[in-house]
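Novice: Take a look at this one; I'll ask things after.
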Number of protein chains: 2
Amino acid sequence: LEPEVLEFPLETLNGPITPNELFFVRNHYPAPVLDAESWGLTIEGLVERPTRFDLKDLKRMPTVSLQATLECAGNGRAGLDPPVPGVQWACGAVSNAVWSGVPVRHVLETVGLDRSAVEIVFEGADRGLVHASPKPCGKVPFARSLPLEAALSDGPILAYEMNGEPLPTAHGAPVRLIVPGWYAVASVKWLVRMIAVDQPFRGFYQTTDYTTWEARDGSPQMVTIGPMPVKSVIARPVGGAKFQTGETVEVSGTAWAGLEEVVGVEVSADGGSTWNDAVLIGDHVPFAWRHWSFEWQVQGPTGMRMLLARATDSAGRVQPMERDWNHGTYVIDHSLPVTVMVGRSG
Amino acid sequence: LEPEVLEFPLETLNGPITPNELFFVRNHYPAPVLDAESWGLTIEGLVERPTRFDLKDLKRMPTVSLQATLECAGNGRAGLDPPVPGVQWACGAVSNAVWSGVPVRHVLETVGLDRSAVEIVFEGADRGLVHASPKPCGKVPFARSLPLEAALSDGPILAYEMNGEPLPTAHGAPVRLIVPGWYAVASVKWLVRMIAVDQPFRGFYQTTDYTTWEARDGSPQMVTIGPMPVKSVIARPVGGAKFQTGETVEVSGTAWAGLEEVVGVEVSADGGSTWNDAVLIGDHVPFAWRHWSFEWQVQGPTGMRMLLARATDSAGRVQPMERDWNHGTYVIDHSLPVTVMVGRSG
């Protein structure tokens, strides 16, 4: 399939790290195959020393390894009723890996930022036509920007390794931007150009696609998608599973909260009427999802039962129970039920 | 027709002022009928003294009268081949009037701008649904912003009179923003709210509709429509008119150049092979169109003949001969031919 789209099978969720070959893929154009030897990253615009770095240059710089959970901004779209256009992801357009590379801040300090710069544009080598009116002449590169504050923060790196291996082509080889805590759209693959600019970037994937509506100053505005809100998903059991009263069922899944920390997950086995604390597994790792588990003692009426999970983060935000339709086709962060069947035991 | 759309019959072009009842109309939603007595304009956001002015308040302030030619950003769209979506304007979505009202600068000085303000959002009372994906919940007001520099410049006024009469409903009664030199979309009708903001406004009519593509930093970006470029149109003769060799035909029309001055208009009667200077009529009036005329001595081969006009402005810009397709469905500023028939005399 070109461009490549691949969902992580959430029901196989196991340890915290998603293997490279199972990590979800959402590309917008056919993946460019770049030669690591001849590849270069141009940094230009409002910088003191416009520079082209090759891969060897980057590998000589300080390296950081960090976990980052990436989620597609349309993840969970298939669960929306009424449906909305776009790739019909179930819940598996989310994965977690260890990324290794150079902090964006270090690279920007190396070239020297002009005082007038307000954003950094990151441009990939992938390009193609867009579904926009008016249409542009020619192809548009996939490109996104970060406000200066985010670009210079502790998170973003220029990654050339994924789980200890060289970055695979489908994930942006040889070098990809990783913006921990942000929806995956910010983590531009096949990075070839960074531009320091003195006005907000107005690219298609910044101002038209990958935007949601937000009431600002009392009127709806189209805002670009940024950090991920708090969210949990149920990995197991899967929808349609059958259980009997008296049985003990492990309900498990994962949760993430963008730049914040997941501090709790609750599970409901009665469609949200009552809630029980799940156990958070392992330790908190910044920017990474946190798996959770709950032992469900199957009781009560037989028939269809709605399992729900909701997470709370360190900023006190609680995952919402209802869809915010101003999010349009993106940011599906509310609790999506998994419906199972409960029969009488014996 | 709701919303109202009305083209000025360009072939009737006469003096510099378009009568109110012939002035072109392009509304996006049904026109709100606002009561002038109870009407108020709220100025809020990053201002020292948020204030609500009524019409009497405005009329007590210093008044300016100025001519401003307004052109719809889609004017001339019917002349495009291949066609593009949108209202199929011929060339008459342009008109000129005397507008009277209070300078925006005076009003902003009265409320006191905060140092952090970078734009002023102007919001009309007209609102409705938009054709966007994702869709917003509920209705969107028609709203546009001006960068602070433009808002504080000599041009923009809050107009309550049009050609010496109270502003008609179709033109935004009781008060409309007029931004001289800019495409008409900036001149928000039925003005009810101004908001000083510290980040660029991201409304639908600012970032999605009424945008064109522009290569910035080497990649296409969607930029909002601003001042009008230099442009001339032929009012008479109309397409399909028949003339004879030896005859003298007055070719006449008008030209405008946004914030600049029209310094010359040339006419070609042979499809752009040779050009002749037209006579500019009257004096230059800032922000207003300038009519012109050329005495065409009909000579040469018989058959179909393409008349063209092209204008030059005080910044040295010459009206282009070809469509810039990056303009998409807007900014149709190239010379559009008028095809006439030349027959043998006698």
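Residue numbers start at 1 in each chain; chains themselves are named A, B, ... in the order of the structure tokens; ligands are numbered from 1 in the order shown.
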What's around Leu167 in chain B at 10 Å? Count only C-alpha atoms, leave out sequence neighbours fewer than 6 positions away in its own chain, and write the answer as a list in words.

Specialist: Asn20, Trp99, Ser100, Ala159, Tyr160, Glu161, Ala173, Pro174, Val175, Arg176 and Trp190 of chain B

Novice: Listing only residues of chain A within 10 Å of chain B, what is the closest atom pair and its distance in Å (to one decimal) for each, using only C-alpha atoms, sorted by chain and residue number ascending, as CSV?

Specialist:
```
residue,atom,partner,partner_atom,distance
A:Glu44,CA,B:Asp217,CA,9.0
A:Gly45,CA,B:Asp217,CA,7.5
A:Val84,CA,B:Pro134,CA,8.5
A:Pro85,CA,B:Ser133,CA,8.5
A:Val121,CA,B:Asp217,CA,9.5
A:Glu123,CA,B:Ser219,CA,9.0
A:Ala132,CA,B:Thr208,CA,9.0
A:Ser133,CA,B:Gly328,CA,7.1
A:Pro134,CA,B:Gly328,CA,4.2
A:Lys135,CA,B:Gly328,CA,5.7
A:Pro136,CA,B:Asn326,CA,5.1
A:Cys137,CA,B:Asn326,CA,5.4
A:Gly138,CA,B:Pro220,CA,8.9
A:Lys139,CA,B:Pro220,CA,8.4
A:Val140,CA,B:Pro220,CA,6.3
A:Pro141,CA,B:Ser219,CA,7.1
A:Phe142,CA,B:Ser219,CA,9.7
A:Ala143,CA,B:Ser219,CA,8.9
A:Ile195,CA,B:Asp217,CA,7.5
A:Ala196,CA,B:Asp217,CA,9.4
A:Val197,CA,B:Asp217,CA,8.4
A:Gln199,CA,B:Pro200,CA,9.2
A:Pro200,CA,B:Pro200,CA,7.9
A:Phe201,CA,B:Gln221,CA,7.4
A:Arg202,CA,B:Gln221,CA,5.0
A:Gly203,CA,B:Gln221,CA,4.4
A:Phe204,CA,B:Gln221,CA,6.6
A:Tyr205,CA,B:Gln221,CA,9.6
A:Gln206,CA,B:Gln221,CA,9.3
A:Thr207,CA,B:Thr207,CA,6.6
A:Thr208,CA,B:Thr208,CA,6.3
A:Asp209,CA,B:Ser133,CA,8.2
A:Tyr210,CA,B:Pro134,CA,9.0
A:Thr211,CA,B:Pro134,CA,7.7
A:Thr212,CA,B:Pro134,CA,6.7
A:Trp213,CA,B:Pro136,CA,5.8
A:Glu214,CA,B:Pro136,CA,8.4
A:Ala215,CA,B:Pro136,CA,9.7
A:Arg216,CA,B:Phe201,CA,9.0
A:Asp217,CA,B:Gly45,CA,7.5
A:Gly218,CA,B:Ile195,CA,9.9
A:Ser219,CA,B:Val140,CA,6.9
A:Pro220,CA,B:Val140,CA,6.3
A:Gln221,CA,B:Gly203,CA,4.4
A:Met222,CA,B:Arg202,CA,5.4
A:Val223,CA,B:Arg202,CA,6.7
A:Thr224,CA,B:Arg202,CA,9.4
A:Asp324,CA,B:Cys137,CA,8.9
A:Trp325,CA,B:Cys137,CA,6.3
A:Asn326,CA,B:Pro136,CA,5.1
A:His327,CA,B:Pro134,CA,7.3
A:Gly328,CA,B:Pro134,CA,4.2
A:Thr329,CA,B:Pro134,CA,5.6
A:Tyr330,CA,B:Pro134,CA,8.0
```

Novice: Name all residues at most 12 Å from Ala241 in chain B (count only C-alpha atoms; drop same-chain ones fewer than 4 positions away) and give them as a PDB file with N, CA and C atoms, in the first residue's frame.

Specialist:
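New file part.pdb:
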```pdb
ATOM      1  N   ARG B 236     -15.617  48.874 -21.809  1.00  0.00           N
ATOM      2  CA  ARG B 236     -16.233  48.962 -23.138  1.00  0.00           C
ATOM      3  C   ARG B 236     -15.139  48.982 -24.185  1.00  0.00           C
ATOM      4  N   PRO B 237     -15.296  48.372 -25.364  1.00  0.00           N
ATOM      5  CA  PRO B 237     -16.481  47.629 -25.788  1.00  0.00           C
ATOM      6  C   PRO B 237     -16.630  46.322 -25.032  1.00  0.00           C
ATOM      7  N   VAL B 249     -12.782  53.602 -32.399  1.00  0.00           N
ATOM      8  CA  VAL B 249     -13.536  53.000 -31.291  1.00  0.00           C
ATOM      9  C   VAL B 249     -12.901  53.424 -29.966  1.00  0.00           C
ATOM     10  N   VAL B 251     -11.920  52.565 -26.526  1.00  0.00           N
ATOM     11  CA  VAL B 251     -11.729  51.457 -25.580  1.00  0.00           C
ATOM     12  C   VAL B 251     -11.517  52.106 -24.223  1.00  0.00           C
ATOM     13  N   GLY B 303     -11.733  39.845 -38.812  1.00  0.00           N
ATOM     14  CA  GLY B 303     -11.926  38.629 -38.023  1.00  0.00           C
ATOM     15  C   GLY B 303     -11.926  38.933 -36.535  1.00  0.00           C
ATOM     16  N   MET B 304     -11.702  37.942 -35.738  1.00  0.00           N
ATOM     17  CA  MET B 304     -11.714  38.124 -34.282  1.00  0.00           C
ATOM     18  C   MET B 304     -10.449  38.835 -33.829  1.00  0.00           C
ATOM     19  N   ARG B 305     -10.618  39.746 -32.861  1.00  0.00           N
ATOM     20  CA  ARG B 305      -9.485  40.529 -32.380  1.00  0.00           C
ATOM     21  C   ARG B 305      -9.529  40.566 -30.854  1.00  0.00           C
ATOM     22  N   MET B 306      -8.409  40.337 -30.233  1.00  0.00           N
ATOM     23  CA  MET B 306      -8.353  40.370 -28.769  1.00  0.00           C
ATOM     24  C   MET B 306      -7.861  41.701 -28.255  1.00  0.00           C
ATOM     25  N   LEU B 307      -8.740  42.406 -27.544  1.00  0.00           N
ATOM     26  CA  LEU B 307      -8.351  43.641 -26.869  1.00  0.00           C
ATOM     27  C   LEU B 307      -7.842  43.301 -25.471  1.00  0.00           C
ATOM     28  N   VAL B 338     -10.840  40.912 -24.142  1.00  0.00           N
ATOM     29  CA  VAL B 338     -12.194  41.124 -24.659  1.00  0.00           C
ATOM     30  C   VAL B 338     -12.104  40.888 -26.162  1.00  0.00           C
ATOM     31  N   THR B 339     -12.861  39.919 -26.626  1.00  0.00           N
ATOM     32  CA  THR B 339     -12.770  39.554 -28.041  1.00  0.00           C
ATOM     33  C   THR B 339     -13.866  40.252 -28.837  1.00  0.00           C
ATOM     34  N   VAL B 340     -13.476  41.006 -29.851  1.00  0.00           N
ATOM     35  CA  VAL B 340     -14.434  41.717 -30.705  1.00  0.00           C
ATOM     36  C   VAL B 340     -14.245  41.254 -32.150  1.00  0.00           C
ATOM     37  N   MET B 341     -15.193  41.634 -33.018  1.00  0.00           N
ATOM     38  CA  MET B 341     -15.143  41.229 -34.426  1.00  0.00           C
ATOM     39  C   MET B 341     -14.831  42.445 -35.286  1.00  0.00           C
ATOM     40  N   VAL B 342     -13.907  42.286 -36.181  1.00  0.00           N
ATOM     41  CA  VAL B 342     -13.600  43.364 -37.122  1.00  0.00           C
ATOM     42  C   VAL B 342     -14.001  42.903 -38.525  1.00  0.00           C
ATOM     43  N   GLY B 343     -14.866  43.723 -39.173  1.00  0.00           N
ATOM     44  CA  GLY B 343     -15.290  43.416 -40.536  1.00  0.00           C
ATOM     45  C   GLY B 343     -14.749  44.461 -41.499  1.00  0.00           C
TER      46      GLY B 343
END
```

Novice: Point out the residue among A:Gly272, A:Pro82, A:Gly282, A:Pro19 with the least atom-to-atom distance to Pro320 in chain A, counting only C-alpha atoms.

Specialist: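 That would be A:Gly272, the residue with the smallest distance to Pro320 in chain A.
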
Novice: What residues in range 59-201 of chain B get the DSSP label alpha helix (DSSP H)? Please answer as a PyMOL selection string.

Specialist: chain B and resi 59+104-111+148-151

Novice: Name the residues in contact with Arg105 in chain A at a cut-off of 9 Å, using only C-alpha atoms, excluding same-chain residues fewer than 3 positions from it; report them as a tab-separated table (two decimals) with N, CA and C atoms, in the first residue's frame.

Specialist:
```tsv
chain	number	residue	atom	x	y	z
A	102	VAL	N	20.16	13.34	18.23
A	102	VAL	CA	20.73	14.60	18.72
A	102	VAL	C	19.61	15.55	19.15
A	108	LEU	N	20.41	23.57	16.97
A	108	LEU	CA	20.09	24.99	16.78
A	108	LEU	C	21.14	25.88	17.43
A	109	GLU	N	21.66	25.44	18.56
A	109	GLU	CA	22.72	26.23	19.20
A	109	GLU	C	23.99	26.23	18.33
A	110	THR	N	24.20	25.12	17.64
A	110	THR	CA	25.38	25.02	16.78
A	110	THR	C	25.33	26.01	15.61
A	151	ALA	N	10.67	23.77	20.31
A	151	ALA	CA	11.85	23.25	19.61
A	151	ALA	C	13.07	23.22	20.53
A	152	LEU	N	13.15	24.20	21.44
A	152	LEU	CA	14.31	24.30	22.33
A	152	LEU	C	14.10	23.55	23.64
A	153	SER	N	12.96	22.91	23.81
A	153	SER	CA	12.67	22.22	25.07
A	153	SER	C	13.45	20.90	25.15
A	154	ASP	N	13.32	20.22	26.28
A	154	ASP	CA	14.10	19.01	26.52
A	154	ASP	C	13.76	17.85	25.59
A	156	PRO	N	12.50	17.36	21.97
A	156	PRO	CA	12.71	17.02	20.56
A	156	PRO	C	14.14	16.60	20.21
A	157	ILE	N	14.25	15.53	19.44
A	157	ILE	CA	15.56	15.07	18.96
A	157	ILE	C	15.49	14.75	17.47
```

Novice: I'd like to know which of B:Gly101, B:Arg344, B:Trp256, B:Phe294 is closest to Ser65 in chain B, using only C-alpha atoms.

Specialist: B:Gly101

Novice: What lies within 12 Å of Asp333 in chain B using only C-alpha atoms, ignoring chain neighbours under 4 positions off, as an MDAnalysis selection string?

Specialist: chainID B and resid 71:77 79:80 91 183 228:233 255:258 309:311 317:325 327:329

Novice: Write a file of the just-selected residues containing N, CA, C and O atoms, as a tab-separated table (two decimals), in the first residue's frame.

Specialist:
```tsv
chain	number	residue	atom	x	y	z
B	71	GLU	N	-12.63	45.35	-4.30
B	71	GLU	CA	-12.76	44.29	-5.29
B	71	GLU	C	-12.86	42.96	-4.55
B	71	GLU	O	-12.11	42.71	-3.59
B	72	CYS	N	-13.79	42.13	-5.01
B	72	CYS	CA	-13.87	40.78	-4.46
B	72	CYS	C	-12.64	40.00	-4.92
B	72	CYS	O	-12.21	40.11	-6.08
B	73	ALA	N	-12.08	39.20	-4.01
B	73	ALA	CA	-10.85	38.46	-4.33
B	73	ALA	C	-11.08	37.43	-5.43
B	73	ALA	O	-10.13	36.90	-5.99
B	74	GLY	N	-12.35	37.13	-5.75
B	74	GLY	CA	-12.66	36.18	-6.82
B	74	GLY	C	-13.11	36.86	-8.10
B	74	GLY	O	-13.55	36.18	-9.03
B	75	ASN	N	-13.01	38.17	-8.16
B	75	ASN	CA	-13.45	38.91	-9.34
B	75	ASN	C	-12.67	38.47	-10.58
B	75	ASN	O	-11.45	38.40	-10.55
B	76	GLY	N	-13.42	38.16	-11.67
B	76	GLY	CA	-12.79	37.71	-12.90
B	76	GLY	C	-12.73	36.20	-13.03
B	76	GLY	O	-12.25	35.67	-14.01
B	77	ARG	N	-13.27	35.52	-12.01
B	77	ARG	CA	-13.16	34.06	-11.97
B	77	ARG	C	-13.76	33.39	-13.20
B	77	ARG	O	-13.25	32.36	-13.67
B	79	GLY	N	-13.52	34.22	-16.09
B	79	GLY	CA	-12.59	34.29	-17.21
B	79	GLY	C	-11.49	33.24	-17.16
B	79	GLY	O	-10.64	33.20	-18.04
B	80	LEU	N	-11.50	32.41	-16.14
B	80	LEU	CA	-10.43	31.42	-15.99
B	80	LEU	C	-10.72	30.16	-16.80
B	80	LEU	O	-11.84	29.68	-16.84
B	91	CYS	N	-16.28	40.52	-14.55
B	91	CYS	CA	-15.25	41.45	-14.07
B	91	CYS	C	-15.82	42.54	-13.18
B	91	CYS	O	-15.12	43.49	-12.82
B	183	TYR	N	-8.19	43.76	-0.71
B	183	TYR	CA	-9.35	43.04	-1.24
B	183	TYR	C	-10.50	43.18	-0.25
B	183	TYR	O	-10.30	43.25	0.97
B	228	MET	N	-4.65	44.61	-2.72
B	228	MET	CA	-4.87	44.26	-4.13
B	228	MET	C	-3.64	44.61	-4.95
B	228	MET	O	-3.04	45.67	-4.75
B	229	PRO	N	-3.26	43.74	-5.89
B	229	PRO	CA	-2.17	44.08	-6.80
B	229	PRO	C	-2.69	45.02	-7.91
B	229	PRO	O	-3.88	45.32	-7.97
B	230	VAL	N	-1.78	45.46	-8.77
B	230	VAL	CA	-2.18	46.36	-9.86
B	230	VAL	C	-3.00	45.58	-10.89
B	230	VAL	O	-2.68	44.43	-11.22
B	231	LYS	N	-4.06	46.20	-11.39
B	231	LYS	CA	-4.97	45.51	-12.32
B	231	LYS	C	-5.79	46.52	-13.11
B	231	LYS	O	-6.18	47.55	-12.57
B	232	SER	N	-6.03	46.21	-14.36
B	232	SER	CA	-6.95	47.01	-15.16
B	232	SER	C	-7.97	46.10	-15.79
B	232	SER	O	-7.70	44.91	-16.00
B	233	VAL	N	-9.15	46.64	-16.05
B	233	VAL	CA	-10.18	45.88	-16.78
B	233	VAL	C	-10.76	46.78	-17.86
B	233	VAL	O	-10.79	48.01	-17.72
B	255	ALA	N	-8.67	51.06	-13.70
B	255	ALA	CA	-7.49	50.36	-13.16
B	255	ALA	C	-7.31	50.75	-11.70
B	255	ALA	O	-7.72	51.84	-11.28
B	256	TRP	N	-6.75	49.85	-10.92
B	256	TRP	CA	-6.49	50.14	-9.51
B	256	TRP	C	-5.25	49.39	-9.08
B	256	TRP	O	-4.81	48.46	-9.78
B	257	ALA	N	-4.69	49.79	-7.95
B	257	ALA	CA	-3.39	49.23	-7.57
B	257	ALA	C	-3.23	49.11	-6.06
B	257	ALA	O	-2.13	49.23	-5.54
B	258	GLY	N	-4.34	48.87	-5.39
B	258	GLY	CA	-4.25	48.64	-3.95
B	258	GLY	C	-3.72	49.84	-3.21
B	258	GLY	O	-4.31	50.92	-3.28
B	309	ALA	N	-5.83	45.12	-21.85
B	309	ALA	CA	-5.31	46.30	-21.15
B	309	ALA	C	-4.36	45.81	-20.07
B	309	ALA	O	-4.58	44.74	-19.48
B	310	ARG	N	-3.31	46.57	-19.83
B	310	ARG	CA	-2.43	46.23	-18.70
B	310	ARG	C	-1.98	47.52	-18.02
B	310	ARG	O	-1.68	48.53	-18.67
B	311	ALA	N	-1.97	47.48	-16.70
B	311	ALA	CA	-1.66	48.67	-15.91
B	311	ALA	C	-0.30	48.51	-15.25
B	311	ALA	O	0.19	47.41	-15.04
B	317	ARG	N	5.32	47.71	-10.56
B	317	ARG	CA	4.73	46.42	-10.91
B	317	ARG	C	3.88	46.57	-12.16
B	317	ARG	O	3.12	47.53	-12.30
B	318	VAL	N	4.00	45.59	-13.06
B	318	VAL	CA	3.21	45.59	-14.29
B	318	VAL	C	2.21	44.44	-14.20
B	318	VAL	O	2.57	43.33	-13.80
B	319	GLN	N	0.98	44.72	-14.56
B	319	GLN	CA	-0.05	43.67	-14.54
B	319	GLN	C	0.39	42.49	-15.39
B	319	GLN	O	0.80	42.67	-16.54
B	320	PRO	N	0.34	41.27	-14.85
B	320	PRO	CA	0.82	40.12	-15.63
B	320	PRO	C	-0.13	39.74	-16.75
B	320	PRO	O	-1.31	40.06	-16.72
B	321	MET	N	0.41	39.06	-17.75
B	321	MET	CA	-0.39	38.62	-18.89
B	321	MET	C	-0.93	37.20	-18.70
B	321	MET	O	-1.79	36.77	-19.45
B	322	GLU	N	-0.37	36.48	-17.74
B	322	GLU	CA	-0.78	35.09	-17.57
B	322	GLU	C	-1.23	34.81	-16.16
B	322	GLU	O	-0.75	35.42	-15.20
B	323	ARG	N	-2.10	33.86	-16.05
B	323	ARG	CA	-2.61	33.43	-14.76
B	323	ARG	C	-1.51	32.81	-13.91
B	323	ARG	O	-0.77	31.94	-14.39
B	324	ASP	N	-1.42	33.23	-12.67
B	324	ASP	CA	-0.58	32.53	-11.69
B	324	ASP	C	-1.48	31.51	-10.99
B	324	ASP	O	-2.30	31.87	-10.15
B	325	TRP	N	-1.32	30.24	-11.33
B	325	TRP	CA	-2.23	29.23	-10.82
B	325	TRP	C	-2.04	28.95	-9.34
B	325	TRP	O	-2.89	28.32	-8.70
B	327	HIS	N	-2.47	31.13	-7.36
B	327	HIS	CA	-3.53	31.95	-6.75
B	327	HIS	C	-4.82	31.17	-6.56
B	327	HIS	O	-5.74	31.67	-5.93
B	328	GLY	N	-4.87	29.96	-7.12
B	328	GLY	CA	-6.03	29.11	-6.92
B	328	GLY	C	-7.29	29.75	-7.44
B	328	GLY	O	-7.39	30.09	-8.62
B	329	THR	N	-8.28	29.94	-6.56
B	329	THR	CA	-9.57	30.49	-6.99
B	329	THR	C	-9.65	31.99	-6.74
B	329	THR	O	-10.72	32.58	-6.86
```

Novice: To one decimal place in Å, what is the distance between CA of Thr254 in chain B and CA of Ala93 in chain B?

Specialist: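 Answer for the CA of Thr254 in chain B to CA of Ala93 in chain B separation: 12.9 Å.
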
Novice: Please, which residues of range 164-307 of chain A, numbered as in this document, come out strand (DSSP E or B) from DSSP, as JSON, numbers by chain?

Specialist: {"A": [165, 166, 176, 177, 178, 182, 191, 192, 193, 194, 195, 196, 197, 211, 212, 213, 214, 215, 216, 219, 220, 221, 222, 223, 224, 227, 231, 232, 233, 234, 235, 236, 242, 243, 244, 248, 249, 250, 251, 252, 253, 254, 255, 256, 262, 263, 264, 265, 266, 267, 268, 276, 277, 279, 280, 290, 291, 292, 293, 294, 295, 296, 297, 303, 304, 305, 306, 307]}

Novice: Taking into account only C-alpha atoms, which residue in the set B:Asp54, B:Glu119, B:Glu4, B:Asp35 is nearest to Asp198 in chain B?

Specialist: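 Looking only at the distances to Asp198 in chain B, the closest residue turns out to be B:Glu119.
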
Novice: What is the distance between CA of Val94 in chain B and CA of Val25 in chain B, in Å to one decimal?

Specialist: 9.1 Å

Novice: Which is closest to Leu10 in chain B among B:Ala97, B:Val263, B:Leu58, B:Ile234, if we use only C-alpha atoms?

Specialist: B:Ile234

Novice: Choose the residue, out of A:Glu250, A:Ser187, A:Pro166, A:Ile43, that has the smallest atom-to-atom separation from Ile120 in chain A; count only C-alpha atoms.

Specialist: A:Ile43

Novice: Write out as a ChimeraX atom specification the residues lying within 9 Å of Thr245 in chain B, counting only C-alpha atoms and excluding same-chain residues fewer than 6 positions away.

Specialist: /B:297-302,342-345

Novice: What does the distance from CA of Arg115 in chain A to CA of Pro50 in chain A come to in Å, to one decimal?

Specialist: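 Answer for the CA of Arg115 in chain A to CA of Pro50 in chain A separation: 14.8 Å.
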
Novice: Pick the closest to Leu34 in chain A from A:Gly246, A:Gly164, A:Gly226, A:Gly124: which is it, counting only C-alpha atoms?

Specialist: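 Ranking A:Gly246, A:Gly164, A:Gly226, A:Gly124 by distance to Leu34 in chain A, first place goes to A:Gly124.
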